[in-house]
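File shown: upload25.cif. Contents: mmCIF, N, CA, C and O atoms.
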```cif
data_start
#
loop_
_atom_site.label_atom_id
_atom_site.label_comp_id
_atom_site.auth_asym_id
_atom_site.auth_seq_id
_atom_site.Cartn_x
_atom_site.Cartn_y
_atom_site.Cartn_z
N MET T 530 -91.37 -64.32 32.98
CA MET T 530 -90.82 -63.08 32.51
C MET T 530 -90.59 -62.13 33.68
O MET T 530 -89.72 -61.31 33.63
N HIS T 531 -91.37 -62.26 34.72
CA HIS T 531 -91.18 -61.40 35.89
C HIS T 531 -90.59 -62.21 37.02
O HIS T 531 -90.55 -63.43 36.99
N GLY T 532 -90.16 -61.51 38.05
CA GLY T 532 -89.41 -62.12 39.13
C GLY T 532 -90.20 -62.84 40.18
O GLY T 532 -90.81 -63.87 39.94
N CYS T 533 -90.25 -62.28 41.36
CA CYS T 533 -90.67 -63.00 42.56
C CYS T 533 -92.17 -63.27 42.67
O CYS T 533 -92.57 -64.21 43.32
N LYS T 534 -93.02 -62.43 42.12
CA LYS T 534 -94.48 -62.51 42.21
C LYS T 534 -94.98 -62.35 43.65
O LYS T 534 -96.08 -62.75 43.97
N GLU T 535 -94.16 -61.76 44.50
CA GLU T 535 -94.52 -61.55 45.90
C GLU T 535 -94.31 -60.11 46.37
O GLU T 535 -94.35 -59.84 47.56
N GLY T 536 -94.05 -59.19 45.44
CA GLY T 536 -93.85 -57.80 45.83
C GLY T 536 -92.51 -57.51 46.45
O GLY T 536 -92.37 -56.56 47.21
N GLN T 537 -91.51 -58.29 46.11
CA GLN T 537 -90.18 -58.13 46.69
C GLN T 537 -89.15 -57.55 45.73
O GLN T 537 -88.17 -56.96 46.18
N CYS T 538 -89.32 -57.75 44.41
CA CYS T 538 -88.23 -57.40 43.48
C CYS T 538 -88.49 -56.16 42.64
O CYS T 538 -87.54 -55.52 42.21
N GLY T 539 -89.72 -55.82 42.34
CA GLY T 539 -90.04 -54.64 41.54
C GLY T 539 -89.98 -54.84 40.03
O GLY T 539 -90.14 -53.89 39.28
N SER T 540 -89.79 -56.06 39.56
CA SER T 540 -89.69 -56.26 38.11
C SER T 540 -91.02 -56.03 37.40
O SER T 540 -91.03 -55.76 36.20
N CYS T 541 -92.14 -56.09 38.11
CA CYS T 541 -93.45 -55.85 37.49
C CYS T 541 -93.97 -54.43 37.75
O CYS T 541 -95.14 -54.15 37.53
N LYS T 542 -93.08 -53.55 38.18
CA LYS T 542 -93.48 -52.17 38.49
C LYS T 542 -94.07 -51.51 37.26
O LYS T 542 -93.52 -51.57 36.17
N SER T 543 -95.21 -50.90 37.42
CA SER T 543 -95.93 -50.21 36.35
C SER T 543 -96.58 -48.97 36.92
O SER T 543 -96.59 -48.76 38.12
N LYS T 544 -97.13 -48.15 36.04
CA LYS T 544 -97.82 -46.94 36.49
C LYS T 544 -99.30 -47.08 36.19
O LYS T 544 -99.68 -47.40 35.06
N LEU T 545 -100.12 -46.86 37.20
CA LEU T 545 -101.57 -46.91 37.04
C LEU T 545 -102.02 -45.66 36.29
O LEU T 545 -101.74 -44.54 36.71
N ILE T 546 -102.69 -45.87 35.16
CA ILE T 546 -103.21 -44.75 34.39
C ILE T 546 -104.62 -44.41 34.85
O ILE T 546 -104.95 -43.26 35.08
N GLU T 547 -105.46 -45.45 34.98
CA GLU T 547 -106.80 -45.23 35.50
C GLU T 547 -107.35 -46.54 36.03
O GLU T 547 -106.91 -47.62 35.65
N GLY T 548 -108.30 -46.42 36.94
CA GLY T 548 -108.96 -47.60 37.50
C GLY T 548 -108.89 -47.62 39.01
O GLY T 548 -108.16 -46.86 39.63
N ASP T 549 -109.69 -48.51 39.58
CA ASP T 549 -109.80 -48.66 41.02
C ASP T 549 -109.09 -49.95 41.43
O ASP T 549 -109.51 -51.04 41.03
N ILE T 550 -108.00 -49.83 42.21
CA ILE T 550 -107.22 -50.99 42.61
C ILE T 550 -106.97 -50.99 44.11
O ILE T 550 -107.16 -49.98 44.78
N GLU T 551 -106.52 -52.12 44.60
CA GLU T 551 -106.03 -52.24 45.98
C GLU T 551 -104.70 -52.98 45.90
O GLU T 551 -104.56 -53.95 45.18
N MET T 552 -103.73 -52.48 46.63
CA MET T 552 -102.42 -53.13 46.67
C MET T 552 -102.32 -54.02 47.91
O MET T 552 -102.62 -53.59 49.01
N LEU T 553 -101.88 -55.25 47.70
CA LEU T 553 -101.58 -56.15 48.81
C LEU T 553 -100.22 -55.77 49.40
O LEU T 553 -99.49 -54.96 48.83
N LYS T 554 -99.86 -56.37 50.50
CA LYS T 554 -98.60 -56.09 51.18
C LYS T 554 -97.42 -56.33 50.22
O LYS T 554 -97.40 -57.32 49.49
N TYR T 555 -96.46 -55.39 50.24
CA TYR T 555 -95.28 -55.48 49.38
C TYR T 555 -94.09 -54.83 50.09
O TYR T 555 -94.25 -54.12 51.08
N SER T 556 -92.90 -55.07 49.56
CA SER T 556 -91.68 -54.50 50.11
C SER T 556 -91.49 -53.08 49.61
O SER T 556 -91.63 -52.81 48.42
N THR T 557 -91.11 -52.16 50.51
CA THR T 557 -90.82 -50.79 50.08
C THR T 557 -89.48 -50.73 49.34
O THR T 557 -89.15 -49.71 48.76
N PHE T 558 -88.72 -51.82 49.35
CA PHE T 558 -87.54 -51.90 48.50
C PHE T 558 -87.99 -51.99 47.03
O PHE T 558 -87.41 -51.37 46.15
N ALA T 559 -89.02 -52.78 46.78
CA ALA T 559 -89.53 -52.96 45.42
C ALA T 559 -90.31 -51.74 44.94
O ALA T 559 -90.26 -51.39 43.76
N LEU T 560 -91.04 -51.09 45.84
CA LEU T 560 -91.84 -49.92 45.49
C LEU T 560 -91.77 -48.91 46.64
O LEU T 560 -92.56 -48.97 47.58
N PRO T 561 -90.80 -48.00 46.57
CA PRO T 561 -90.66 -47.00 47.63
C PRO T 561 -91.89 -46.09 47.73
O PRO T 561 -92.64 -45.94 46.75
N ASP T 562 -92.09 -45.50 48.88
CA ASP T 562 -93.24 -44.64 49.11
C ASP T 562 -93.35 -43.51 48.07
O ASP T 562 -94.43 -43.20 47.61
N TYR T 563 -92.22 -42.91 47.70
CA TYR T 563 -92.29 -41.79 46.75
C TYR T 563 -92.78 -42.25 45.38
O TYR T 563 -93.41 -41.47 44.66
N GLU T 564 -92.54 -43.49 45.00
CA GLU T 564 -93.08 -43.99 43.73
C GLU T 564 -94.56 -44.37 43.87
O GLU T 564 -95.35 -44.12 42.98
N SER T 565 -94.91 -44.94 45.00
CA SER T 565 -96.31 -45.28 45.25
C SER T 565 -97.18 -44.02 45.22
O SER T 565 -98.28 -44.04 44.69
N GLU T 566 -96.66 -42.95 45.76
CA GLU T 566 -97.40 -41.68 45.81
C GLU T 566 -97.59 -41.06 44.42
O GLU T 566 -98.46 -40.23 44.24
N THR T 567 -96.78 -41.47 43.46
CA THR T 567 -96.91 -40.93 42.09
C THR T 567 -97.64 -41.90 41.16
O THR T 567 -97.58 -41.76 39.94
N GLY T 568 -98.33 -42.90 41.74
CA GLY T 568 -99.18 -43.78 40.94
C GLY T 568 -98.54 -45.07 40.46
O GLY T 568 -99.13 -45.80 39.70
N HIS T 569 -97.32 -45.35 40.91
CA HIS T 569 -96.68 -46.60 40.52
C HIS T 569 -97.24 -47.74 41.37
O HIS T 569 -97.59 -47.55 42.54
N VAL T 570 -97.32 -48.92 40.77
CA VAL T 570 -97.85 -50.11 41.45
C VAL T 570 -96.99 -51.32 41.08
O VAL T 570 -96.22 -51.28 40.12
N LEU T 571 -97.14 -52.38 41.84
CA LEU T 571 -96.56 -53.67 41.50
C LEU T 571 -97.71 -54.55 41.01
O LEU T 571 -98.64 -54.83 41.76
N LEU T 572 -97.65 -54.94 39.75
CA LEU T 572 -98.76 -55.71 39.17
C LEU T 572 -99.01 -57.00 39.92
O LEU T 572 -100.16 -57.44 40.04
N CYS T 573 -97.96 -57.61 40.45
CA CYS T 573 -98.15 -58.90 41.15
C CYS T 573 -98.91 -58.74 42.47
O CYS T 573 -99.41 -59.71 43.01
N ARG T 574 -99.00 -57.53 42.98
CA ARG T 574 -99.67 -57.29 44.26
C ARG T 574 -100.92 -56.43 44.10
O ARG T 574 -101.45 -55.88 45.05
N THR T 575 -101.41 -56.31 42.87
CA THR T 575 -102.54 -55.43 42.56
C THR T 575 -103.81 -56.24 42.33
O THR T 575 -103.81 -57.21 41.58
N HIS T 576 -104.89 -55.84 43.00
CA HIS T 576 -106.22 -56.39 42.76
C HIS T 576 -107.08 -55.29 42.17
O HIS T 576 -107.20 -54.21 42.74
N ALA T 577 -107.67 -55.55 41.01
CA ALA T 577 -108.49 -54.56 40.32
C ALA T 577 -109.95 -54.68 40.75
O ALA T 577 -110.48 -55.78 40.87
N PHE T 578 -110.60 -53.53 40.95
CA PHE T 578 -112.02 -53.48 41.29
C PHE T 578 -112.83 -52.78 40.21
O PHE T 578 -114.01 -52.53 40.38
N SER T 579 -112.17 -52.45 39.10
CA SER T 579 -112.82 -51.84 37.95
C SER T 579 -111.95 -52.13 36.74
O SER T 579 -110.91 -52.76 36.86
N ASP T 580 -112.35 -51.64 35.58
CA ASP T 580 -111.47 -51.70 34.43
C ASP T 580 -110.26 -50.83 34.74
O ASP T 580 -110.40 -49.78 35.35
N VAL T 581 -109.08 -51.28 34.34
CA VAL T 581 -107.85 -50.55 34.66
C VAL T 581 -106.97 -50.40 33.43
O VAL T 581 -107.05 -51.19 32.49
N SER T 582 -106.12 -49.38 33.46
CA SER T 582 -105.08 -49.18 32.44
C SER T 582 -103.76 -48.96 33.15
O SER T 582 -103.71 -48.23 34.15
N PHE T 583 -102.71 -49.59 32.65
CA PHE T 583 -101.37 -49.45 33.22
C PHE T 583 -100.38 -49.08 32.13
O PHE T 583 -100.53 -49.48 30.98
N GLU T 584 -99.35 -48.36 32.51
CA GLU T 584 -98.19 -48.18 31.65
C GLU T 584 -97.15 -49.18 32.13
O GLU T 584 -96.74 -49.17 33.29
N LEU T 585 -96.76 -50.08 31.24
CA LEU T 585 -95.79 -51.12 31.59
C LEU T 585 -94.39 -50.55 31.45
O LEU T 585 -93.92 -50.30 30.35
N LEU T 586 -93.70 -50.35 32.56
CA LEU T 586 -92.41 -49.68 32.54
C LEU T 586 -91.27 -50.59 32.13
O LEU T 586 -90.30 -50.14 31.53
N ASN T 587 -91.34 -51.86 32.44
CA ASN T 587 -90.26 -52.80 32.13
C ASN T 587 -90.62 -53.73 30.98
O ASN T 587 -90.11 -54.83 30.89
N TYR T 588 -91.46 -53.28 30.09
CA TYR T 588 -91.92 -54.10 28.98
C TYR T 588 -90.86 -54.12 27.88
O TYR T 588 -90.38 -53.09 27.44
N ASP T 589 -90.50 -55.29 27.44
CA ASP T 589 -89.54 -55.46 26.35
C ASP T 589 -90.22 -56.29 25.26
O ASP T 589 -90.39 -57.49 25.41
N GLU T 590 -90.61 -55.64 24.19
CA GLU T 590 -91.34 -56.31 23.12
C GLU T 590 -90.52 -57.43 22.50
O GLU T 590 -91.05 -58.47 22.14
N ASP T 591 -89.20 -57.24 22.38
CA ASP T 591 -88.35 -58.29 21.82
C ASP T 591 -88.42 -59.55 22.67
O ASP T 591 -88.60 -60.66 22.16
N LEU T 592 -88.27 -59.41 23.96
CA LEU T 592 -88.30 -60.56 24.86
C LEU T 592 -89.68 -61.20 24.86
O LEU T 592 -89.80 -62.42 24.83
N SER T 593 -90.71 -60.39 24.87
CA SER T 593 -92.07 -60.91 24.88
C SER T 593 -92.36 -61.71 23.61
O SER T 593 -92.93 -62.79 23.66
N ALA T 594 -91.96 -61.20 22.46
CA ALA T 594 -92.17 -61.91 21.19
C ALA T 594 -91.37 -63.20 21.17
O ALA T 594 -91.85 -64.23 20.70
N PHE T 595 -90.17 -63.17 21.68
CA PHE T 595 -89.33 -64.37 21.71
C PHE T 595 -89.96 -65.43 22.61
O PHE T 595 -89.99 -66.61 22.27
N ASP T 596 -90.48 -65.01 23.76
CA ASP T 596 -91.14 -65.95 24.69
C ASP T 596 -92.36 -66.60 24.07
O ASP T 596 -92.70 -67.72 24.39
N ARG T 597 -93.05 -65.90 23.18
CA ARG T 597 -94.24 -66.44 22.53
C ARG T 597 -93.90 -67.24 21.28
O ARG T 597 -94.77 -67.68 20.56
N GLY T 598 -92.58 -67.41 21.00
CA GLY T 598 -92.16 -68.19 19.85
C GLY T 598 -92.25 -67.45 18.53
O GLY T 598 -92.27 -68.05 17.48
N LYS T 599 -92.29 -66.12 18.56
CA LYS T 599 -92.43 -65.34 17.34
C LYS T 599 -91.11 -64.70 16.91
O LYS T 599 -91.08 -63.89 16.01
N GLY T 600 -90.03 -65.04 17.57
CA GLY T 600 -88.74 -64.45 17.20
C GLY T 600 -88.62 -63.03 17.70
O GLY T 600 -89.24 -62.65 18.68
N PHE T 601 -87.83 -62.24 17.02
CA PHE T 601 -87.59 -60.86 17.44
C PHE T 601 -88.33 -59.88 16.57
O PHE T 601 -88.41 -60.04 15.36
N GLY T 602 -88.87 -58.83 17.19
CA GLY T 602 -89.59 -57.79 16.48
C GLY T 602 -89.02 -56.43 16.84
O GLY T 602 -87.91 -56.33 17.33
N GLY T 603 -89.79 -55.37 16.62
CA GLY T 603 -89.34 -54.03 16.96
C GLY T 603 -89.35 -53.83 18.47
O GLY T 603 -90.18 -54.36 19.18
N ALA T 604 -88.39 -53.08 18.98
CA ALA T 604 -88.25 -52.89 20.42
C ALA T 604 -89.05 -51.71 20.92
O ALA T 604 -89.18 -50.71 20.23
N SER T 605 -89.59 -51.84 22.11
CA SER T 605 -90.29 -50.76 22.78
C SER T 605 -90.06 -50.92 24.27
O SER T 605 -90.25 -52.00 24.81
N GLN T 606 -89.62 -49.88 24.93
CA GLN T 606 -89.34 -49.97 26.36
C GLN T 606 -90.58 -49.69 27.21
O GLN T 606 -90.61 -50.03 28.35
N ARG T 607 -91.57 -49.06 26.63
CA ARG T 607 -92.79 -48.77 27.38
C ARG T 607 -94.00 -49.14 26.54
O ARG T 607 -94.00 -49.00 25.34
N SER T 608 -95.01 -49.60 27.21
CA SER T 608 -96.24 -49.96 26.52
C SER T 608 -97.39 -49.72 27.49
O SER T 608 -97.20 -49.73 28.69
N ALA T 609 -98.56 -49.53 26.95
CA ALA T 609 -99.74 -49.38 27.80
C ALA T 609 -100.64 -50.58 27.59
O ALA T 609 -100.69 -51.16 26.52
N VAL T 610 -101.32 -50.98 28.65
CA VAL T 610 -102.20 -52.13 28.58
C VAL T 610 -103.49 -51.80 29.32
O VAL T 610 -103.48 -51.13 30.34
N ASP T 611 -104.60 -52.23 28.75
CA ASP T 611 -105.90 -52.07 29.38
C ASP T 611 -106.38 -53.45 29.80
O ASP T 611 -106.23 -54.41 29.06
N VAL T 612 -106.96 -53.53 30.98
CA VAL T 612 -107.50 -54.79 31.48
C VAL T 612 -108.93 -54.55 31.91
O VAL T 612 -109.20 -53.66 32.70
N ARG T 613 -109.84 -55.35 31.36
CA ARG T 613 -111.23 -55.24 31.80
C ARG T 613 -111.35 -55.92 33.15
O ARG T 613 -110.68 -56.90 33.43
N HIS T 614 -112.22 -55.40 33.98
CA HIS T 614 -112.41 -55.95 35.33
C HIS T 614 -112.71 -57.43 35.29
O HIS T 614 -112.19 -58.20 36.09
N GLN T 615 -113.51 -57.90 34.36
CA GLN T 615 -113.85 -59.31 34.25
C GLN T 615 -112.58 -60.14 34.03
O GLN T 615 -112.40 -61.18 34.64
N ASP T 616 -111.67 -59.68 33.17
CA ASP T 616 -110.42 -60.39 32.91
C ASP T 616 -109.52 -60.37 34.15
O ASP T 616 -108.86 -61.35 34.45
N ALA T 617 -109.49 -59.24 34.85
CA ALA T 617 -108.62 -59.12 36.01
C ALA T 617 -109.00 -60.14 37.09
O ALA T 617 -108.13 -60.73 37.73
N GLY T 618 -110.27 -60.36 37.29
CA GLY T 618 -110.69 -61.33 38.29
C GLY T 618 -110.34 -62.76 37.90
O GLY T 618 -109.99 -63.58 38.74
N ASN T 619 -110.39 -63.06 36.62
CA ASN T 619 -110.12 -64.42 36.16
C ASN T 619 -108.65 -64.78 36.18
O ASN T 619 -108.31 -65.94 36.30
N ARG T 620 -107.74 -63.81 36.11
CA ARG T 620 -106.33 -64.15 36.02
C ARG T 620 -105.77 -64.71 37.32
O ARG T 620 -104.74 -65.35 37.32
N ASN T 621 -106.46 -64.47 38.43
CA ASN T 621 -105.97 -64.96 39.71
C ASN T 621 -106.59 -66.29 40.12
O ASN T 621 -106.23 -66.84 41.15
N ARG T 622 -107.50 -66.81 39.32
CA ARG T 622 -108.16 -68.07 39.65
C ARG T 622 -107.33 -69.24 39.19
O ARG T 622 -106.73 -69.22 38.12
N LYS T 623 -107.32 -70.29 39.99
CA LYS T 623 -106.63 -71.51 39.59
C LYS T 623 -107.58 -72.39 38.80
O LYS T 623 -108.76 -72.45 39.10
N PRO T 624 -107.05 -73.06 37.75
CA PRO T 624 -107.94 -73.90 36.92
C PRO T 624 -108.52 -75.06 37.67
O PRO T 624 -108.09 -75.51 38.66
#
```

Structure translated into structure tokens:
Amino acid sequence: MHGCKEGQCGSCKSKLIEGDIEMLKYSTFALPDYESETGHVLLCRTHAFSDVSFELLNYDEDLSAFDRGKGFGGASQRSAVDVRHQDAGNRNRKP
């Protein structure tokens, strides 16, 4: 659903609502300094050190439901998501 996963395209750009994170190296084309200064992050380059909340800026509920095999539902361009620190650490581990 998202693009490069390397901090180059900006398709996973979101806004940090709360939590302690560290950003890995990314392109300022994908996340310019003025957006970084206002709390925007690239989820693909974010490591969480606490429970975190993000506002998903490019979230499309229709596309997400379709990808999960549920067809089409009501559309929403923005959504908020909470991630517990325990879950955040597990998502980067390889099986």

Practice prompt. Could you tell me how far CA of Cys533 in chain T lies from CA of Tyr588 in chain T, in Å and to one decimal?
Written response: 16.3 Å

Worksheet item: Please, what distance in Å, to one decimal, runs between atom O of Ser579 in chain T and atom N of Tyr555 in chain T?
Response: 19.9 Å

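Remark: for Ser582 in chain T, the closest of the candidate residues T:Gly568, T:Leu553, T:Leu560, T:Glu547 is T:Glu547 (distances computed over all atoms listed in the file).
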
Skipping near chain neighbours, those fewer than 2 positions away, what residues fall within 10 Å of Asp549 in chain T using only C-alpha atoms, listed as a PDB file with N, CA, C and O atoms, keeping the file's coordinate frame?
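The result, stored in selection_31.pdb:
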```
ATOM      1  N   LEU T 545    -100.120 -46.860  37.200  1.00  0.00           N
ATOM      2  CA  LEU T 545    -101.570 -46.910  37.040  1.00  0.00           C
ATOM      3  C   LEU T 545    -102.020 -45.660  36.290  1.00  0.00           C
ATOM      4  O   LEU T 545    -101.740 -44.540  36.710  1.00  0.00           O
ATOM      5  N   GLU T 547    -105.460 -45.450  34.980  1.00  0.00           N
ATOM      6  CA  GLU T 547    -106.800 -45.230  35.500  1.00  0.00           C
ATOM      7  C   GLU T 547    -107.350 -46.540  36.030  1.00  0.00           C
ATOM      8  O   GLU T 547    -106.910 -47.620  35.650  1.00  0.00           O
ATOM      9  N   GLU T 551    -106.520 -52.120  44.600  1.00  0.00           N
ATOM     10  CA  GLU T 551    -106.030 -52.240  45.980  1.00  0.00           C
ATOM     11  C   GLU T 551    -104.700 -52.980  45.900  1.00  0.00           C
ATOM     12  O   GLU T 551    -104.560 -53.950  45.180  1.00  0.00           O
ATOM     13  N   HIS T 576    -104.890 -55.840  43.000  1.00  0.00           N
ATOM     14  CA  HIS T 576    -106.220 -56.390  42.760  1.00  0.00           C
ATOM     15  C   HIS T 576    -107.080 -55.290  42.170  1.00  0.00           C
ATOM     16  O   HIS T 576    -107.200 -54.210  42.740  1.00  0.00           O
ATOM     17  N   ALA T 577    -107.670 -55.550  41.010  1.00  0.00           N
ATOM     18  CA  ALA T 577    -108.490 -54.560  40.320  1.00  0.00           C
ATOM     19  C   ALA T 577    -109.950 -54.680  40.750  1.00  0.00           C
ATOM     20  O   ALA T 577    -110.480 -55.780  40.870  1.00  0.00           O
ATOM     21  N   PHE T 578    -110.600 -53.530  40.950  1.00  0.00           N
ATOM     22  CA  PHE T 578    -112.020 -53.480  41.290  1.00  0.00           C
ATOM     23  C   PHE T 578    -112.830 -52.780  40.210  1.00  0.00           C
ATOM     24  O   PHE T 578    -114.010 -52.530  40.380  1.00  0.00           O
ATOM     25  N   SER T 579    -112.170 -52.450  39.100  1.00  0.00           N
ATOM     26  CA  SER T 579    -112.820 -51.840  37.950  1.00  0.00           C
ATOM     27  C   SER T 579    -111.950 -52.130  36.740  1.00  0.00           C
ATOM     28  O   SER T 579    -110.910 -52.760  36.860  1.00  0.00           O
ATOM     29  N   ASP T 580    -112.350 -51.640  35.580  1.00  0.00           N
ATOM     30  CA  ASP T 580    -111.470 -51.700  34.430  1.00  0.00           C
ATOM     31  C   ASP T 580    -110.260 -50.830  34.740  1.00  0.00           C
ATOM     32  O   ASP T 580    -110.400 -49.780  35.350  1.00  0.00           O
ATOM     33  N   VAL T 581    -109.080 -51.280  34.340  1.00  0.00           N
ATOM     34  CA  VAL T 581    -107.850 -50.550  34.660  1.00  0.00           C
ATOM     35  C   VAL T 581    -106.970 -50.400  33.430  1.00  0.00           C
ATOM     36  O   VAL T 581    -107.050 -51.190  32.490  1.00  0.00           O
ATOM     37  N   SER T 582    -106.120 -49.380  33.460  1.00  0.00           N
ATOM     38  CA  SER T 582    -105.080 -49.180  32.440  1.00  0.00           C
ATOM     39  C   SER T 582    -103.760 -48.960  33.150  1.00  0.00           C
ATOM     40  O   SER T 582    -103.710 -48.230  34.150  1.00  0.00           O
ATOM     41  N   HIS T 614    -112.220 -55.400  33.980  1.00  0.00           N
ATOM     42  CA  HIS T 614    -112.410 -55.950  35.330  1.00  0.00           C
ATOM     43  C   HIS T 614    -112.710 -57.430  35.290  1.00  0.00           C
ATOM     44  O   HIS T 614    -112.190 -58.200  36.090  1.00  0.00           O
TER      45      HIS T 614
END
```

Discussion item. For a quick check of your reading of the model, name the residues lying within 6 Å of the coordinate (-91.0, -51.3, 34.0), counting only C-alpha atoms, and write them as a VMD selection string.
Written reply: chain T and resid 542 to 543 585 to 588

Worksheet item: CA of Lys544 in chain T to CA of Thr575 in chain T: how many Å, to one decimal?
Response: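 Interatomic distance here is 11.5 Å.
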
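Here the DSSP assignment of strand (DSSP E or B), based on backbone atoms, applies within range 549-596 of chain T to Ile550, Glu551, Met552, His569, Val570, Leu571, Thr575, His576, Ala577, Val581, Ser582, Phe583, Glu584 and Leu585 of chain T.
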
Taking (-86.9, -51.4, 41.6) in the file's own coordinates, collect the residues within 7 Å, counting only C-alpha atoms, and hand them back as a PDB file with N, CA, C and O atoms, in the coordinates of the input.
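The resulting file, point34.pdb, is shown below:
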```pdb
ATOM      1  N   CYS T 538     -89.320 -57.750  44.410  1.00  0.00           N
ATOM      2  CA  CYS T 538     -88.230 -57.400  43.480  1.00  0.00           C
ATOM      3  C   CYS T 538     -88.490 -56.160  42.640  1.00  0.00           C
ATOM      4  O   CYS T 538     -87.540 -55.520  42.210  1.00  0.00           O
ATOM      5  N   GLY T 539     -89.720 -55.820  42.340  1.00  0.00           N
ATOM      6  CA  GLY T 539     -90.040 -54.640  41.540  1.00  0.00           C
ATOM      7  C   GLY T 539     -89.980 -54.840  40.030  1.00  0.00           C
ATOM      8  O   GLY T 539     -90.140 -53.890  39.280  1.00  0.00           O
ATOM      9  N   SER T 540     -89.790 -56.060  39.560  1.00  0.00           N
ATOM     10  CA  SER T 540     -89.690 -56.260  38.110  1.00  0.00           C
ATOM     11  C   SER T 540     -91.020 -56.030  37.400  1.00  0.00           C
ATOM     12  O   SER T 540     -91.030 -55.760  36.200  1.00  0.00           O
ATOM     13  N   PHE T 558     -88.720 -51.820  49.350  1.00  0.00           N
ATOM     14  CA  PHE T 558     -87.540 -51.900  48.500  1.00  0.00           C
ATOM     15  C   PHE T 558     -87.990 -51.990  47.030  1.00  0.00           C
ATOM     16  O   PHE T 558     -87.410 -51.370  46.150  1.00  0.00           O
ATOM     17  N   ALA T 559     -89.020 -52.780  46.780  1.00  0.00           N
ATOM     18  CA  ALA T 559     -89.530 -52.960  45.420  1.00  0.00           C
ATOM     19  C   ALA T 559     -90.310 -51.740  44.940  1.00  0.00           C
ATOM     20  O   ALA T 559     -90.260 -51.390  43.760  1.00  0.00           O
ATOM     21  N   LEU T 560     -91.040 -51.090  45.840  1.00  0.00           N
ATOM     22  CA  LEU T 560     -91.840 -49.920  45.490  1.00  0.00           C
ATOM     23  C   LEU T 560     -91.770 -48.910  46.640  1.00  0.00           C
ATOM     24  O   LEU T 560     -92.560 -48.970  47.580  1.00  0.00           O
TER      25      LEU T 560
END
```

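Minimum distance to Gln537 in chain T across T:Glu564, T:Phe583, T:Leu571, T:Met552 (counting only C-alpha atoms) occurs at T:Leu571.
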
Item to complete: Can you work out which one of T:His569, T:Gly536, T:Asp589, T:Arg574 has the shortest atom-to-atom distance to Ser556 in chain T, counting all atoms listed in the file?
Response: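 Of the candidates, the smallest distance to Ser556 in chain T is held by T:Gly536.
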
Item to complete: Check range 541-600 of chain T with DSSP on the backbone and list each residue it calls alpha helix (DSSP H), as a PyMOL selection string.
Response: chain T and resi 562-565+590-596

Worksheet item: Nearest to Ile550 in chain T among T:Thr567, T:Leu572, T:Glu590, T:Glu584, with distances taken over only C-alpha atoms: which residue is it?
Response: T:Leu572

Hey, could you patch up range 543-547 of chain T with all heavy atoms and hand it over as an mmCIF file, keeping the file's coordinate frame?
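Output (rebuild13.cif):
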```cif
data_model
loop_
_atom_site.group_PDB
_atom_site.id
_atom_site.type_symbol
_atom_site.label_atom_id
_atom_site.label_comp_id
_atom_site.auth_asym_id
_atom_site.auth_seq_id
_atom_site.Cartn_x
_atom_site.Cartn_y
_atom_site.Cartn_z
ATOM 1 N N SER T 543 -95.210 -50.900 37.420
ATOM 2 C CA SER T 543 -95.930 -50.210 36.350
ATOM 3 C C SER T 543 -96.580 -48.970 36.920
ATOM 4 O O SER T 543 -96.590 -48.760 38.120
ATOM 5 C CB SER T 543 -97.002 -51.131 35.768
ATOM 6 O OG SER T 543 -96.409 -52.274 35.206
ATOM 7 N N LYS T 544 -97.130 -48.150 36.040
ATOM 8 C CA LYS T 544 -97.820 -46.940 36.490
ATOM 9 C C LYS T 544 -99.300 -47.080 36.190
ATOM 10 O O LYS T 544 -99.680 -47.400 35.060
ATOM 11 C CB LYS T 544 -97.251 -45.710 35.796
ATOM 12 C CG LYS T 544 -97.875 -44.438 36.311
ATOM 13 C CD LYS T 544 -97.017 -43.248 36.076
ATOM 14 C CE LYS T 544 -97.712 -42.052 36.720
ATOM 15 N NZ LYS T 544 -96.813 -41.001 37.002
ATOM 16 N N LEU T 545 -100.120 -46.860 37.200
ATOM 17 C CA LEU T 545 -101.570 -46.910 37.040
ATOM 18 C C LEU T 545 -102.020 -45.660 36.290
ATOM 19 O O LEU T 545 -101.740 -44.540 36.710
ATOM 20 C CB LEU T 545 -102.255 -46.969 38.410
ATOM 21 C CG LEU T 545 -103.772 -46.980 38.408
ATOM 22 C CD1 LEU T 545 -104.306 -48.266 37.774
ATOM 23 C CD2 LEU T 545 -104.313 -46.824 39.820
ATOM 24 N N ILE T 546 -102.690 -45.870 35.160
ATOM 25 C CA ILE T 546 -103.210 -44.750 34.390
ATOM 26 C C ILE T 546 -104.620 -44.410 34.850
ATOM 27 O O ILE T 546 -104.950 -43.260 35.080
ATOM 28 C CB ILE T 546 -103.182 -45.070 32.879
ATOM 29 C CG1 ILE T 546 -101.728 -45.264 32.429
ATOM 30 C CG2 ILE T 546 -103.859 -43.973 32.070
ATOM 31 C CD1 ILE T 546 -101.582 -45.780 31.023
ATOM 32 N N GLU T 547 -105.460 -45.450 34.980
ATOM 33 C CA GLU T 547 -106.800 -45.230 35.500
ATOM 34 C C GLU T 547 -107.350 -46.540 36.030
ATOM 35 O O GLU T 547 -106.910 -47.620 35.650
ATOM 36 C CB GLU T 547 -107.728 -44.651 34.424
ATOM 37 C CG GLU T 547 -107.987 -45.560 33.260
ATOM 38 C CD GLU T 547 -108.940 -44.942 32.245
ATOM 39 O OE1 GLU T 547 -109.940 -44.324 32.649
ATOM 40 O OE2 GLU T 547 -108.656 -45.101 31.052
#
```
